[in-house]
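**Q** Pasting data.txt below, which is compact mmCIF, C-alpha atoms and all ligand atoms.
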# COMPACT_ATOMS: atom_id res chain seq x y z
CA MET B 11 125.91 44.38 132.41
CA SER B 12 124.18 47.72 132.93
CA THR B 13 124.31 49.29 136.40
CA GLY B 14 120.85 50.71 135.83
CA HIS B 15 120.84 54.45 136.18
CA PRO B 16 124.06 56.48 135.81
CA GLN B 17 122.39 59.50 137.46
CA ARG B 18 121.46 57.45 140.50
CA VAL B 19 125.05 56.18 140.73
CA GLN B 20 126.35 59.75 140.42
CA SER B 21 124.06 61.14 143.13
CA MET B 22 124.97 58.22 145.41
CA PHE B 23 128.68 59.12 145.09
CA ASP B 24 127.78 62.79 145.64
CA ARG B 25 126.18 61.79 148.95
CA ILE B 26 129.02 59.66 150.29
CA ALA B 27 131.95 61.85 149.11
CA LYS B 28 132.76 63.12 152.63
CA ARG B 29 132.98 59.66 154.19
CA TYR B 30 134.37 57.77 151.22
CA ASP B 31 138.03 57.62 152.30
CA ALA B 32 137.25 56.54 155.87
CA PHE B 33 135.04 53.74 154.56
CA ASN B 34 137.70 52.62 152.09
CA THR B 35 140.38 52.37 154.75
CA VAL B 36 138.13 50.31 157.02
CA ALA B 37 136.85 48.12 154.18
CA SER B 38 140.34 47.31 152.90
CA PHE B 39 141.88 46.83 156.36
CA GLY B 40 144.19 49.72 155.47
CA ARG B 41 145.51 47.99 152.33
CA ASP B 42 144.04 50.41 149.78
CA GLU B 43 147.14 52.63 149.65
CA ALA B 44 149.40 49.65 148.92
CA TRP B 45 147.02 48.49 146.15
CA ARG B 46 147.14 51.95 144.59
CA ARG B 47 150.95 51.97 144.66
CA LEU B 48 150.93 48.55 142.97
CA ALA B 49 148.48 49.82 140.33
CA VAL B 50 150.83 52.73 139.58
CA ARG B 51 153.86 50.44 139.26
CA LEU B 52 151.96 48.38 136.68
CA ALA B 53 150.59 51.38 134.79
CA ALA B 54 153.87 53.30 134.66
CA PRO B 55 156.91 51.11 135.41
CA GLU B 56 158.96 54.03 134.10
CA HIS B 57 158.27 57.74 134.38
CA VAL B 58 155.74 58.99 131.79
CA ASP B 59 154.64 62.43 130.64
CA ARG B 60 150.82 62.37 130.63
CA ALA B 61 148.65 59.98 132.66
CA LEU B 62 144.91 59.62 133.28
CA ASP B 63 143.17 58.48 136.45
CA ALA B 64 139.49 57.98 135.64
CA ALA B 65 136.67 57.77 138.22
CA SER B 66 139.23 59.44 140.45
CA GLY B 67 136.98 60.09 143.47
CA THR B 68 138.94 61.85 146.20
CA GLY B 69 142.11 61.71 144.08
CA LYS B 70 144.19 59.16 145.95
CA LEU B 71 145.11 57.07 142.91
CA ALA B 72 145.76 60.27 140.91
CA ALA B 73 148.15 61.41 143.66
CA ALA B 74 149.94 58.06 143.59
CA LEU B 75 150.15 58.28 139.78
CA ALA B 76 151.80 61.71 140.12
CA THR B 77 154.90 59.96 141.53
CA GLN B 78 155.42 58.41 138.05
CA ALA B 79 153.96 61.02 135.69
CA THR B 80 154.71 64.65 134.89
CA HIS B 81 151.05 65.56 134.27
CA VAL B 82 148.09 63.67 135.69
CA THR B 83 144.46 64.23 134.75
CA ALA B 84 141.96 63.15 137.42
CA LEU B 85 138.47 62.73 135.96
CA ASP B 86 135.22 62.06 137.83
CA PHE B 87 131.57 62.84 137.15
CA SER B 88 130.80 63.66 140.79
CA ASN B 89 131.41 67.30 141.62
CA PRO B 90 131.38 66.69 145.42
CA MET B 91 134.09 64.03 144.95
CA LEU B 92 136.20 66.47 142.89
CA GLN B 93 135.64 69.24 145.44
CA ARG B 94 136.84 66.92 148.15
CA SER B 95 139.91 65.88 146.14
CA MET B 96 141.17 69.42 145.57
CA PRO B 97 142.28 70.35 149.14
CA LEU B 98 143.69 66.82 149.57
CA LEU B 99 145.81 67.23 146.42
CA ALA B 100 146.79 70.78 147.43
CA ALA B 101 147.96 69.53 150.84
CA GLN B 102 150.36 67.21 149.01
CA GLY B 103 151.64 70.04 146.78
CA LEU B 104 149.98 68.43 143.73
CA SER B 105 147.57 71.19 142.65
CA THR B 106 149.50 72.05 139.50
CA LYS B 107 150.63 68.52 138.69
CA VAL B 108 147.16 66.96 138.90
CA ALA B 109 144.39 68.59 136.85
CA SER B 110 140.90 67.70 138.10
CA ILE B 111 138.21 67.52 135.44
CA GLN B 112 134.51 66.73 135.68
CA GLY B 113 133.53 64.24 133.00
CA ASP B 114 132.14 60.84 132.13
CA VAL B 115 134.35 57.80 131.58
CA LEU B 116 131.90 56.74 128.87
CA ALA B 117 132.62 59.91 126.86
CA LEU B 118 136.16 60.92 127.79
CA PRO B 119 136.71 64.59 126.86
CA PHE B 120 140.16 64.01 125.33
CA PRO B 121 141.48 63.51 121.79
CA ASP B 122 142.67 60.09 120.63
CA ALA B 123 146.12 58.94 121.84
CA THR B 124 146.48 61.55 124.60
CA PHE B 125 147.86 59.49 127.51
CA TYR B 126 150.81 57.19 128.12
CA CYS B 127 148.88 55.24 130.76
CA ALA B 128 145.51 55.18 132.50
CA THR B 129 144.19 53.83 135.78
CA ILE B 130 140.72 53.28 137.16
CA GLY B 131 140.32 52.28 140.80
CA PHE B 132 137.00 50.92 142.09
CA GLY B 133 135.28 52.61 139.15
CA LEU B 134 134.94 50.23 136.20
CA ARG B 135 132.35 48.19 138.11
CA ASN B 136 130.15 51.30 138.34
CA LEU B 137 130.02 51.96 134.60
CA ASP B 138 126.72 51.51 132.87
CA ASP B 139 128.46 50.04 129.83
CA ILE B 140 131.83 48.41 130.58
CA PRO B 141 132.78 47.58 126.94
CA ALA B 142 132.08 51.23 126.00
CA GLY B 143 134.29 52.41 128.89
CA LEU B 144 137.13 50.09 127.84
CA ALA B 145 136.81 51.35 124.26
CA GLU B 146 137.16 54.92 125.53
CA PHE B 147 140.34 54.02 127.43
CA LYS B 148 141.75 52.36 124.34
CA ARG B 149 140.94 55.43 122.23
CA VAL B 150 142.67 57.95 124.54
CA LEU B 151 145.78 55.81 125.17
CA LYS B 152 148.86 56.12 122.98
CA PRO B 153 150.12 52.97 121.21
CA GLY B 154 151.84 50.83 123.87
CA GLY B 155 150.03 52.71 126.67
CA ARG B 156 148.81 50.65 129.61
CA LEU B 157 145.43 50.48 131.30
CA VAL B 158 145.30 49.26 134.91
CA VAL B 159 141.98 48.37 136.52
CA LEU B 160 141.77 47.94 140.30
CA ASP B 161 138.41 46.74 141.54
CA ILE B 162 136.36 44.42 143.67
CA VAL B 163 135.50 41.44 141.47
CA LYS B 164 132.65 38.99 141.26
CA PRO B 165 133.58 35.97 143.40
CA LYS B 166 134.96 33.04 141.43
CA ASN B 167 136.07 30.41 143.96
CA ILE B 168 134.86 29.28 147.37
CA VAL B 169 137.20 31.61 149.30
CA SER B 170 136.27 34.77 147.39
CA LYS B 171 132.58 33.72 147.58
CA ALA B 172 132.94 33.55 151.39
CA VAL B 173 134.65 36.98 151.49
CA TYR B 174 131.86 38.38 149.32
CA THR B 175 129.01 36.88 151.38
CA ILE B 176 130.39 37.67 154.84
CA GLY B 177 132.27 40.86 154.05
CA PHE B 178 130.64 42.67 151.14
CA ARG B 179 127.07 41.47 151.64
CA GLY B 180 127.04 41.15 155.45
CA MET B 181 129.42 43.51 157.21
CA LEU B 182 130.43 46.34 154.87
CA PRO B 183 126.92 47.71 154.18
CA LEU B 184 126.53 48.12 157.96
CA VAL B 185 129.96 49.79 158.30
CA GLY B 186 129.14 52.09 155.38
CA TRP B 187 125.73 52.91 156.87
CA ALA B 188 127.31 53.74 160.24
CA LEU B 189 130.05 55.91 158.69
CA SER B 190 128.03 57.72 156.05
CA GLY B 191 124.47 57.68 157.37
CA SER B 192 123.42 56.48 153.89
CA ARG B 193 122.04 52.98 153.95
CA THR B 194 121.16 52.69 150.28
CA ALA B 195 124.63 53.76 149.11
CA TYR B 196 126.26 50.78 150.76
CA GLN B 197 123.57 48.33 149.74
CA TYR B 198 124.57 49.29 146.22
CA LEU B 199 128.11 47.95 146.79
CA PRO B 200 127.36 44.19 147.02
CA ASN B 201 124.80 44.51 144.23
CA SER B 202 127.34 46.15 141.93
CA VAL B 203 129.85 43.38 142.69
CA GLN B 204 127.26 40.72 141.92
CA ARG B 205 126.53 42.37 138.56
CA TYR B 206 130.24 42.77 137.73
CA LEU B 207 132.76 40.33 136.23
CA THR B 208 134.99 37.54 137.51
CA PRO B 209 138.72 38.19 136.84
CA PRO B 210 138.83 35.89 133.75
CA GLU B 211 135.67 37.57 132.39
CA LEU B 212 137.37 40.98 132.69
CA VAL B 213 140.44 39.60 130.89
CA ALA B 214 138.10 38.58 128.06
CA GLU B 215 136.38 42.01 127.99
CA MET B 216 139.71 43.84 127.89
CA THR B 217 141.00 41.54 125.14
CA ASP B 218 137.80 42.03 123.14
CA ALA B 219 138.23 45.80 123.53
CA GLY B 220 141.62 45.47 121.81
CA PHE B 221 144.04 45.39 124.75
CA ARG B 222 147.09 43.11 124.47
CA ASP B 223 149.02 41.13 127.08
CA VAL B 224 146.08 41.31 129.49
CA SER B 225 146.79 39.74 132.87
CA TYR B 226 145.65 40.07 136.46
CA ARG B 227 146.63 39.37 140.00
CA ASN B 228 144.35 38.63 142.93
CA LEU B 229 144.40 40.65 146.12
CA MET B 230 142.60 40.16 149.44
CA LEU B 231 141.80 36.45 149.05
CA GLY B 232 140.61 36.92 145.48
CA SER B 233 137.96 39.52 146.30
CA ILE B 234 139.96 42.34 144.67
CA ALA B 235 141.82 42.11 141.34
CA LEU B 236 144.35 44.24 139.54
CA HIS B 237 144.11 43.88 135.74
CA SER B 238 146.49 45.38 133.23
CA GLY B 239 146.74 45.45 129.47
CA ARG B 240 148.47 47.40 126.68
CA VAL B 241 147.13 49.13 123.61
C1 LIG S 1 134.26 53.89 144.48
S1 LIG S 1 134.77 55.48 143.91
C2 LIG S 1 136.50 55.24 143.56
C3 LIG S 1 137.35 56.46 143.74
C4 LIG S 1 138.85 56.30 143.53
N1 LIG S 1 139.17 55.89 142.18
C5 LIG S 1 139.51 55.36 144.51
O1 LIG S 1 140.29 54.52 144.11
O2 LIG S 1 139.26 55.51 145.71
C6 LIG S 1 134.07 55.46 142.32
C7 LIG S 1 134.13 56.80 141.65
O3 LIG S 1 133.76 56.62 140.29
C8 LIG S 1 133.03 57.74 139.88
N2 LIG S 1 132.30 57.33 138.67
C9 LIG S 1 131.43 56.30 138.53
N3 LIG S 1 130.99 56.22 137.27
C10 LIG S 1 131.60 57.22 136.58
C11 LIG S 1 131.55 57.66 135.23
N4 LIG S 1 130.77 57.05 134.33
N5 LIG S 1 132.31 58.70 134.86
C12 LIG S 1 133.09 59.34 135.77
N6 LIG S 1 133.17 58.99 137.07
C13 LIG S 1 132.43 57.94 137.47
C14 LIG S 1 132.17 58.10 141.08
O4 LIG S 1 131.71 59.42 141.06
C15 LIG S 1 133.17 57.83 142.23
O5 LIG S 1 133.88 58.99 142.59
Produce structure tokens that represent the structure in this file.
Ligand SMILES: C[S@@+](CC[C@H](N)C(=O)[O-])C[C@H]1O[C@@H](n2cnc3c(N)ncnc32)[C@H](O)[C@@H]1O
**A**
Amino acid sequence: MSTGHPQRVQSMFDRIAKRYDAFNTVASFGRDEAWRRLAVRLAAPEHVDRALDAASGTGKLAAALATQATHVTALDFSNPMLQRSMPLLAAQGLSTKVASIQGDVLALPFPDATFYCATIGFGLRNLDDIPAGLAEFKRVLKPGGRLVVLDIVKPKNIVSKAVYTIGFRGMLPLVGWALSGSRTAYQYLPNSVQRYLTPPELVAEMTDAGFRDVSYRNLMLGSIALHSGRV
């Protein structure tokens, strides 16, 4: 389940930071904001004090989480992504509410039982060791705290296989290449999906990591899934 080289993944995200949001909007047909709002509703159905958004990229999910949390920590290992997130958060008046921290999901720099909920959007798939990442989330969540994972998933049925082959393997690498000028970065995307998990496999991983009441819902014809579970 390894992605290969974490440093290569990090430098790839460093390279595409400027174009990341534009690509995301095109790739999701403009649905990414709605998916983030849904992720927040699952992670924090009621207002919470302290929330974590890991692999936060340009901070969009962290900003959405700030509607339901008093303090949000946005963590990413890519400094260019964090640098890009800061003016975007400031423009929304969220500079004090959202603390941006550089760090690795596989070694979260927080004590046990720090957060009431955690989210990770389009990030779990990139981890070199998914069980280790899930164990870190479990460690930093308070008892009863929820983890919500939003990601592209490995195709399971004929429809999601078609979306994967035509969309993720055929069209999106070309769109990403055109938008970012980086061909390799967007060849990485279909490969990372192929190495990832089907939705039921992620349910099993989260359950094995000690999460309870794990469930998921499919989005975009089963090519995206939103998983949630409680500590
Ligand atoms: C595809 S972007 C997703 C950004 C954002 N969560 C969103 O929903 O748009 C993936 C992000 O995960 C970060 N990332 C990948 N592996 C990581 C790790 N081990 N620790 C911290 N950040 C990581 C990358 O730097 C990148 O910003």
**Q** Residues near B:Ser105, anyone? I mean within 12 Å using only C-alpha atoms, not counting same-chain ones fewer than 2 positions away, as a list of chain:residue names.
**A**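 The residues satisfying every condition are B:Gly69, B:Ala72, B:Ala73, B:Ala76, B:His81, B:Val82, B:Thr83, B:Ala84, B:Ser95, B:Met96, B:Pro97, B:Leu98, B:Leu99, B:Ala100, B:Ala101, B:Gln102, B:Gly103, B:Lys107, B:Val108, B:Ala109, B:Ser110.
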**Q** Grab the atom CA of B:Glu215 to atom N4 of ligand LIG 1 (chain S) distance for me, in Å with one decimal place.
**A**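 Distance reported for this atom pair: 17.3 Å.
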**Q** Excluding stretch 231-236 of chain B and residues on its chain fewer than 2 positions from it, collect all residues at most 10 Å away from it, counting only C-alpha atoms, and give them as a ChimeraX atom specification.
**A** /B:38,45-46,48-49,52,131-132,158-174,177-178,203,208-209,212,225-229,238
**Q** Given the selection you just returned, output its residues as a file containing C-alpha atoms, formatted as a tab-separated table (two decimals), keeping the file's coordinate frame.
**A**
chain	number	residue	atom	x	y	z
B	38	SER	CA	140.34	47.31	152.90
B	45	TRP	CA	147.02	48.49	146.15
B	46	ARG	CA	147.14	51.95	144.59
B	48	LEU	CA	150.93	48.55	142.97
B	49	ALA	CA	148.48	49.82	140.33
B	52	LEU	CA	151.96	48.38	136.68
B	131	GLY	CA	140.32	52.28	140.80
B	132	PHE	CA	137.00	50.92	142.09
B	158	VAL	CA	145.30	49.26	134.91
B	159	VAL	CA	141.98	48.37	136.52
B	160	LEU	CA	141.77	47.94	140.30
B	161	ASP	CA	138.41	46.74	141.54
B	162	ILE	CA	136.36	44.42	143.67
B	163	VAL	CA	135.50	41.44	141.47
B	164	LYS	CA	132.65	38.99	141.26
B	165	PRO	CA	133.58	35.97	143.40
B	166	LYS	CA	134.96	33.04	141.43
B	167	ASN	CA	136.07	30.41	143.96
B	168	ILE	CA	134.86	29.28	147.37
B	169	VAL	CA	137.20	31.61	149.30
B	170	SER	CA	136.27	34.77	147.39
B	171	LYS	CA	132.58	33.72	147.58
B	172	ALA	CA	132.94	33.55	151.39
B	173	VAL	CA	134.65	36.98	151.49
B	174	TYR	CA	131.86	38.38	149.32
B	177	GLY	CA	132.27	40.86	154.05
B	178	PHE	CA	130.64	42.67	151.14
B	203	VAL	CA	129.85	43.38	142.69
B	208	THR	CA	134.99	37.54	137.51
B	209	PRO	CA	138.72	38.19	136.84
B	212	LEU	CA	137.37	40.98	132.69
B	225	SER	CA	146.79	39.74	132.87
B	226	TYR	CA	145.65	40.07	136.46
B	227	ARG	CA	146.63	39.37	140.00
B	228	ASN	CA	144.35	38.63	142.93
B	229	LEU	CA	144.40	40.65	146.12
B	238	SER	CA	146.49	45.38	133.23
**Q** Go ahead and compute the interatomic distance for atom CA of B:Asn136 and atom CA of B:Leu118, in Å to one decimal.
**A**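 A separation of 15.5 Å between them.
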**Q** Which residues are near ligand LIG 1 (chain S) in this structure, taking near to mean any atom at most 6 Å from a ligand atom and counting all atoms listed in the file? Format them as a list in words.
**A** Gln20, Phe23, Ala65, Ser66, Gly67, Leu71, Asp86, Phe87, Ser88, Met91, Gly113, Asp114, Val115, Leu116, Ile130, Gly131, Phe132, Gly133, Asn136 and Leu137 of chain B
**Q** Point out the residue among B:Tyr206, B:Gln78, B:Gly239, B:Thr175 with the least atom-to-atom distance to B:Leu151, counting only C-alpha atoms.
**A** B:Gly239
**Q** Would you mind putting back N, CA and C atoms on stretch 140-173 of chain B, then writing it out as a compact mmCIF listing (two decimals), in the frame of the given file?
**A**
# COMPACT_ATOMS: atom_id res chain seq x y z
N ILE B 140 130.40 48.66 130.39
CA ILE B 140 131.83 48.41 130.58
C ILE B 140 132.59 48.32 129.24
N PRO B 141 132.07 47.60 128.23
CA PRO B 141 132.78 47.58 126.94
C PRO B 141 132.97 48.98 126.37
N ALA B 142 131.95 49.85 126.53
CA ALA B 142 132.08 51.23 126.00
C ALA B 142 133.17 51.98 126.78
N GLY B 143 133.24 51.75 128.09
CA GLY B 143 134.29 52.41 128.89
C GLY B 143 135.67 51.93 128.48
N LEU B 144 135.82 50.62 128.26
CA LEU B 144 137.13 50.09 127.84
C LEU B 144 137.52 50.64 126.47
N ALA B 145 136.52 50.80 125.60
CA ALA B 145 136.81 51.35 124.26
C ALA B 145 137.29 52.80 124.38
N GLU B 146 136.71 53.55 125.31
CA GLU B 146 137.16 54.92 125.53
C GLU B 146 138.61 54.96 126.02
N PHE B 147 138.95 54.07 126.97
CA PHE B 147 140.34 54.02 127.43
C PHE B 147 141.28 53.72 126.27
N LYS B 148 140.88 52.75 125.46
CA LYS B 148 141.75 52.36 124.34
C LYS B 148 141.95 53.55 123.39
N ARG B 149 140.88 54.28 123.16
CA ARG B 149 140.94 55.43 122.23
C ARG B 149 141.90 56.51 122.73
N VAL B 150 141.87 56.81 124.06
CA VAL B 150 142.67 57.95 124.54
C VAL B 150 144.10 57.56 124.90
N LEU B 151 144.41 56.24 124.88
CA LEU B 151 145.78 55.81 125.17
C LEU B 151 146.63 55.85 123.90
N LYS B 152 147.92 56.17 124.10
CA LYS B 152 148.86 56.12 122.98
C LYS B 152 149.21 54.66 122.70
N PRO B 153 149.70 54.34 121.49
CA PRO B 153 150.12 52.97 121.21
C PRO B 153 151.14 52.52 122.26
N GLY B 154 150.94 51.33 122.82
CA GLY B 154 151.84 50.83 123.87
C GLY B 154 151.42 51.26 125.27
N GLY B 155 150.47 52.21 125.36
CA GLY B 155 150.03 52.71 126.67
C GLY B 155 149.28 51.64 127.46
N ARG B 156 149.41 51.69 128.77
CA ARG B 156 148.81 50.65 129.61
C ARG B 156 147.57 51.15 130.34
N LEU B 157 146.61 50.25 130.44
CA LEU B 157 145.43 50.48 131.30
C LEU B 157 145.53 49.55 132.50
N VAL B 158 145.34 50.09 133.70
CA VAL B 158 145.30 49.26 134.91
C VAL B 158 143.96 49.46 135.60
N VAL B 159 143.30 48.35 135.88
CA VAL B 159 141.98 48.37 136.52
C VAL B 159 142.10 47.71 137.90
N LEU B 160 141.79 48.48 138.93
CA LEU B 160 141.77 47.94 140.30
C LEU B 160 140.32 47.92 140.74
N ASP B 161 139.82 46.75 141.12
CA ASP B 161 138.41 46.74 141.54
C ASP B 161 138.07 45.49 142.35
N ILE B 162 136.96 45.59 143.04
CA ILE B 162 136.36 44.42 143.67
C ILE B 162 135.80 43.58 142.52
N VAL B 163 135.98 42.25 142.59
CA VAL B 163 135.50 41.44 141.47
C VAL B 163 134.43 40.46 141.94
N LYS B 164 133.69 39.98 140.97
CA LYS B 164 132.65 38.99 141.26
C LYS B 164 133.34 37.71 141.74
N PRO B 165 132.87 37.12 142.86
CA PRO B 165 133.58 35.97 143.40
C PRO B 165 133.60 34.79 142.44
N LYS B 166 134.77 34.11 142.41
CA LYS B 166 134.96 33.04 141.43
C LYS B 166 135.12 31.69 142.15
N ASN B 167 135.85 31.69 143.26
CA ASN B 167 136.07 30.41 143.96
C ASN B 167 135.44 30.48 145.35
N ILE B 168 135.57 29.38 146.08
CA ILE B 168 134.86 29.28 147.37
C ILE B 168 135.34 30.33 148.38
N VAL B 169 136.66 30.64 148.32
CA VAL B 169 137.20 31.61 149.30
C VAL B 169 136.67 33.02 148.98
N SER B 170 136.75 33.42 147.70
CA SER B 170 136.27 34.77 147.39
C SER B 170 134.74 34.85 147.54
N LYS B 171 134.03 33.71 147.35
CA LYS B 171 132.58 33.72 147.58
C LYS B 171 132.28 33.96 149.06
N ALA B 172 133.12 33.35 149.94
CA ALA B 172 132.94 33.55 151.39
C ALA B 172 133.22 35.00 151.76
N VAL B 173 134.31 35.57 151.20
CA VAL B 173 134.65 36.98 151.49
C VAL B 173 133.50 37.87 151.04
